[in-house]
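**Student:** Before I ask anything, here is the structure I am working with.
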Amino acid sequence: METIIYENLEDFKENYIIDFSIQSEYNLLQYLSMLKKKYNSHTEECRALYDKSDTTTFKIIETLADLEDYMPYHAHFILKNNLLEDFNPSAYNEDNFILSPELLGNCLDLGDGSKAQNKTLYEKISIFFSLKKQADIRDREFYRKANGLYEIIQYITDQIEMEKNILLRFRDMPRTENTGENIDLDSWTLFHTIRYNDIGYLERSKYLKDITENYHPDLLHSLLKDLEFYLFIEKDEKEAEFDSEEIEQAIKEREAKKLPIPYLKRTPEHLLTEKQKEMREAHRQETGGTEALCIDLESLLFPYEFFSLYEFQRLIIRKIKELSPEASENDIDISEFKTTKTKSIALLHHTGILEFLRIKYPTISDRQLAGFFEFLTREPITARNQSSQFTTDKNSVKYPIKNKKDLEELDRLLVSFGIKERRIS
């Protein structure tokens with residue numbers, strides 16, 4: 001559905017729910033996130049068109065370049081980076097510097113030039129602030145004209161937060177509050193902090209200890225549920241930022257680099273609800289038995305967006321296991337492992353499983369082996385043309401184990417499952 005762009009908040013409020021009701025591609029949170037991106041993009045396009053015929057910015061850059069020859073480096077740096085406000089205790093404005101450019105010497109060190117040099121310097125200072133004033137006037141004019149768009153963007157942002165809070169209440173998952181003195185964060189703020197800041201493993205460990213009051217089991221489980229729901233909401237919102245054209249472009253770029261397209265793993269039949277089973281069966285009948293492959297948009301478009309939170313999630317799970325008396329040290333949570341189809345096939349090579357099958361069934365082909373494991377795992381292998389990765393030729397470009405680093409990574413996985421012993425160096 002083509003998105004209608006409204007120019008004022010009243011029209012937007014009157015129509016956006018109606019527009020949402022006639023489409024079925026998004027839930028409301030996704031729809032609002034998509035609208036926010038559309039309006040931000042539209043505002044940027046409007047600004048670009050508004051500034052297209054204006055040369056003020058280029059003149060400011062040229063004047064700054066000229067000033068560099070007439071004043072000390074640090075003074076020029078302050079002007080260039082718009083830091084003058086911090087060095088302007090008398091609160092001189094642009095008009096002051098235009099009429100009396102020598103006043104800038106009360107704010108910055110302008111050096112000790114000759115009379116002729118100072119005259120040229122003051123002329124260029126006056127020109128510079130005249131241009132800055134023109135730019136400021138143009139900015140105010142644009143923001144006045146685009147005020148309706150900015151109001152809509154702010155309204156959408158507020159609606160997104162409201163929708164998130166509604167979902168939280170609907171799921172009956174109140175934010176985990178911390179009562180300790182070392183960290184004053186609720187769970188939602190903590191997740192934002194870890195996601196958007198360069199938070200190391202040590203800091204994450206401290207946060208976990210503080211917010212769960214020294215690893216209280218109930219608080220650990222509550223925090224894990226909060227995190228799972230946070231990821232559910234935020235991934236939905238993030239996916240809605242990308243339209244179909246951007247998704248198609250990302251797919252083409254991966255295909256051009258001969259990289260596989262990431263697909264979501266199918267939920268096993270026994271884990272589906274009755275309604276989901278009916279929907280899957282209806283799809284099978286519509287497509288003549290063909291299974292639908294859903295693209296993993298996270299892996300395709302923003303693979304590192306939630307990376308630090310996944311690490312934090314694993315930290316919580318490990319701590320829960322440590323504190324669970326019934327948990328065996330050999331128990332493995334396979335949900336912690338996220339691997340590619342190529343790496344899975346590499347594991348079959350590395351463990352000798354494929355070699356065993358070839359010895360036991362000497363006439364079996366690579367494609368038949370691929371079909372056999374496709375049948376066992378219900379994962380598309382032959383359809384994605386990965387049969388060639390079952391080759392015995394280790395020099396082939398299709399062979400999934402390329403180097404020593406690949407072997408080390410496979411060994412680490414095998415150690416986790418107890419198939420290979422951990423080396424103590």
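Letters A, B, ... go to the chains of the structure tokens in the order shown; residues in each chain start at 1; ligands are counted from 1 in the same order.
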Could you list, as a list in words, every residue within 12 Å of Asp54 (chain A), counting only C-alpha atoms and ignoring same-chain residues fewer than 6 positions away?

**Tutor:** Arg47, Ala48, Ile60, Leu131, Gln134, Ala135, Arg138 and Asp139 of chain A

**Student:** Could you write out that same residue set with N, CA and C atoms as a PDB file, in the first residue's frame?

**Tutor:**
```pdb
ATOM      1  N   ARG A  47      13.963  19.138   2.582  1.00  0.00           N
ATOM      2  CA  ARG A  47      15.066  20.024   2.937  1.00  0.00           C
ATOM      3  C   ARG A  47      16.090  20.091   1.809  1.00  0.00           C
ATOM      4  N   ALA A  48      16.370  18.943   1.183  1.00  0.00           N
ATOM      5  CA  ALA A  48      17.336  18.909   0.082  1.00  0.00           C
ATOM      6  C   ALA A  48      16.851  19.759  -1.095  1.00  0.00           C
ATOM      7  N   ILE A  60      29.942  29.852   3.084  1.00  0.00           N
ATOM      8  CA  ILE A  60      30.448  29.755   4.452  1.00  0.00           C
ATOM      9  C   ILE A  60      31.718  28.912   4.488  1.00  0.00           C
ATOM     10  N   LEU A 131      26.911  35.601   6.480  1.00  0.00           N
ATOM     11  CA  LEU A 131      26.469  34.356   5.846  1.00  0.00           C
ATOM     12  C   LEU A 131      25.797  33.430   6.862  1.00  0.00           C
ATOM     13  N   GLN A 134      22.324  34.597   7.376  1.00  0.00           N
ATOM     14  CA  GLN A 134      21.462  34.188   6.261  1.00  0.00           C
ATOM     15  C   GLN A 134      21.051  32.724   6.390  1.00  0.00           C
ATOM     16  N   ALA A 135      22.028  31.891   6.758  1.00  0.00           N
ATOM     17  CA  ALA A 135      21.744  30.460   6.902  1.00  0.00           C
ATOM     18  C   ALA A 135      20.739  30.216   8.024  1.00  0.00           C
ATOM     19  N   ARG A 138      17.287  31.136   6.835  1.00  0.00           N
ATOM     20  CA  ARG A 138      16.758  30.097   5.944  1.00  0.00           C
ATOM     21  C   ARG A 138      16.320  28.870   6.743  1.00  0.00           C
ATOM     22  N   ASP A 139      17.093  28.530   7.780  1.00  0.00           N
ATOM     23  CA  ASP A 139      16.719  27.377   8.609  1.00  0.00           C
ATOM     24  C   ASP A 139      15.382  27.613   9.294  1.00  0.00           C
TER      25      ASP A 139
END
```

**Student:** Using backbone DSSP assignments, extract all alpha helix (DSSP H) residues from region 75-264 of chain A; output them as an NGL selection string.

**Tutor:** :A and (75-80 or 94-99 or 115-145 or 147-170 or 187-196 or 201-211 or 217-239 or 244-256)

**Student:** Select, from A:Asp66, A:Phe302, A:Cys107, A:Leu407, the residue with the minimum atom-to-atom distance to Glu85 (chain A), counting only C-alpha atoms.

**Tutor:**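 The answer is A:Cys107, which sits nearest to Glu85 (chain A).
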
**Student:** Tell me, as a ChimeraX atom specification, which residues lie within 12 Å of Tyr70 (chain A), counting only C-alpha atoms; anything in the same chain fewer than 5 positions away does not count.

**Tutor:** /A:63-65,75-76,109-114,116-125

**Student:** Keeping N, CA and C atoms for every residue in the selection just given, could you write it to a file as a CSV table (one decimal), in the first residue's frame?

**Tutor:**
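Output (result_32.csv):
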```
chain,number,residue,atom,x,y,z
A,63,THR,N,34.6,30.9,3.0
A,63,THR,CA,35.0,32.0,3.9
A,63,THR,C,35.8,31.4,5.1
A,64,LEU,N,35.4,30.3,5.6
A,64,LEU,CA,36.2,29.6,6.6
A,64,LEU,C,37.5,29.2,6.2
A,65,ALA,N,37.6,28.7,4.9
A,65,ALA,CA,38.9,28.4,4.3
A,65,ALA,C,39.8,29.6,4.3
A,75,ALA,N,41.6,28.9,17.2
A,75,ALA,CA,40.5,29.9,17.0
A,75,ALA,C,39.6,29.5,15.8
A,76,HIS,N,40.3,29.1,14.7
A,76,HIS,CA,39.7,28.7,13.5
A,76,HIS,C,38.9,27.4,13.8
A,109,ASP,N,41.5,34.1,20.6
A,109,ASP,CA,42.8,34.7,20.3
A,109,ASP,C,42.9,34.8,18.7
A,110,LEU,N,42.9,36.0,18.2
A,110,LEU,CA,43.0,36.2,16.8
A,110,LEU,C,44.4,36.4,16.3
A,111,GLY,N,45.4,36.3,17.2
A,111,GLY,CA,46.8,36.4,16.8
A,111,GLY,C,47.2,37.9,16.7
A,112,ASP,N,48.5,38.1,16.3
A,112,ASP,CA,49.1,39.4,16.2
A,112,ASP,C,49.5,39.7,14.8
A,113,GLY,N,48.5,40.0,14.0
A,113,GLY,CA,48.8,40.4,12.6
A,113,GLY,C,49.0,41.9,12.4
A,114,SER,N,49.5,42.2,11.2
A,114,SER,CA,49.7,43.6,10.9
A,114,SER,C,48.4,44.3,10.7
A,116,ALA,N,47.2,45.8,8.1
A,116,ALA,CA,46.6,45.4,6.8
A,116,ALA,C,46.0,44.0,7.0
A,117,GLN,N,46.7,43.1,7.7
A,117,GLN,CA,46.2,41.8,7.8
A,117,GLN,C,44.9,41.8,8.7
A,118,ASN,N,45.0,42.6,9.8
A,118,ASN,CA,43.8,42.6,10.6
A,118,ASN,C,42.6,43.2,9.9
A,119,LYS,N,42.8,44.2,9.0
A,119,LYS,CA,41.7,44.8,8.2
A,119,LYS,C,41.0,43.7,7.4
A,120,THR,N,41.9,42.9,6.7
A,120,THR,CA,41.3,41.8,5.9
A,120,THR,C,40.6,40.8,6.8
A,121,LEU,N,41.2,40.4,7.9
A,121,LEU,CA,40.7,39.5,8.8
A,121,LEU,C,39.3,39.9,9.3
A,122,TYR,N,39.1,41.2,9.7
A,122,TYR,CA,37.9,41.7,10.2
A,122,TYR,C,36.8,41.7,9.1
A,123,GLU,N,37.2,42.0,7.9
A,123,GLU,CA,36.3,42.0,6.7
A,123,GLU,C,35.7,40.6,6.5
A,124,LYS,N,36.6,39.6,6.6
A,124,LYS,CA,36.2,38.2,6.4
A,124,LYS,C,35.3,37.7,7.6
A,125,ILE,N,35.7,38.2,8.8
A,125,ILE,CA,34.8,37.8,10.0
A,125,ILE,C,33.4,38.4,9.8
```

**Student:** Show me, as a list in words, the residues that have an atom within 9 Å of Tyr201 (chain A) when counting only C-alpha atoms, minus same-chain residues fewer than 3 positions from it.

**Tutor:**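 My list of contacting residues is Arg204, Ser205, Lys206, Glu311 and Phe312 of chain A.
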
**Student:** Closest to Lys132 (chain A) among A:Phe232, A:Tyr207, A:Tyr196, A:Phe97, using only C-alpha atoms?

**Tutor:** A:Phe97

**Student:** How far is it from CA of Gly352 (chain A) to CA of Lys258 (chain A), in Å with one decimal?

**Tutor:**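 CA of Lys258 (chain A) lies 27.3 Å from CA of Gly352 (chain A).
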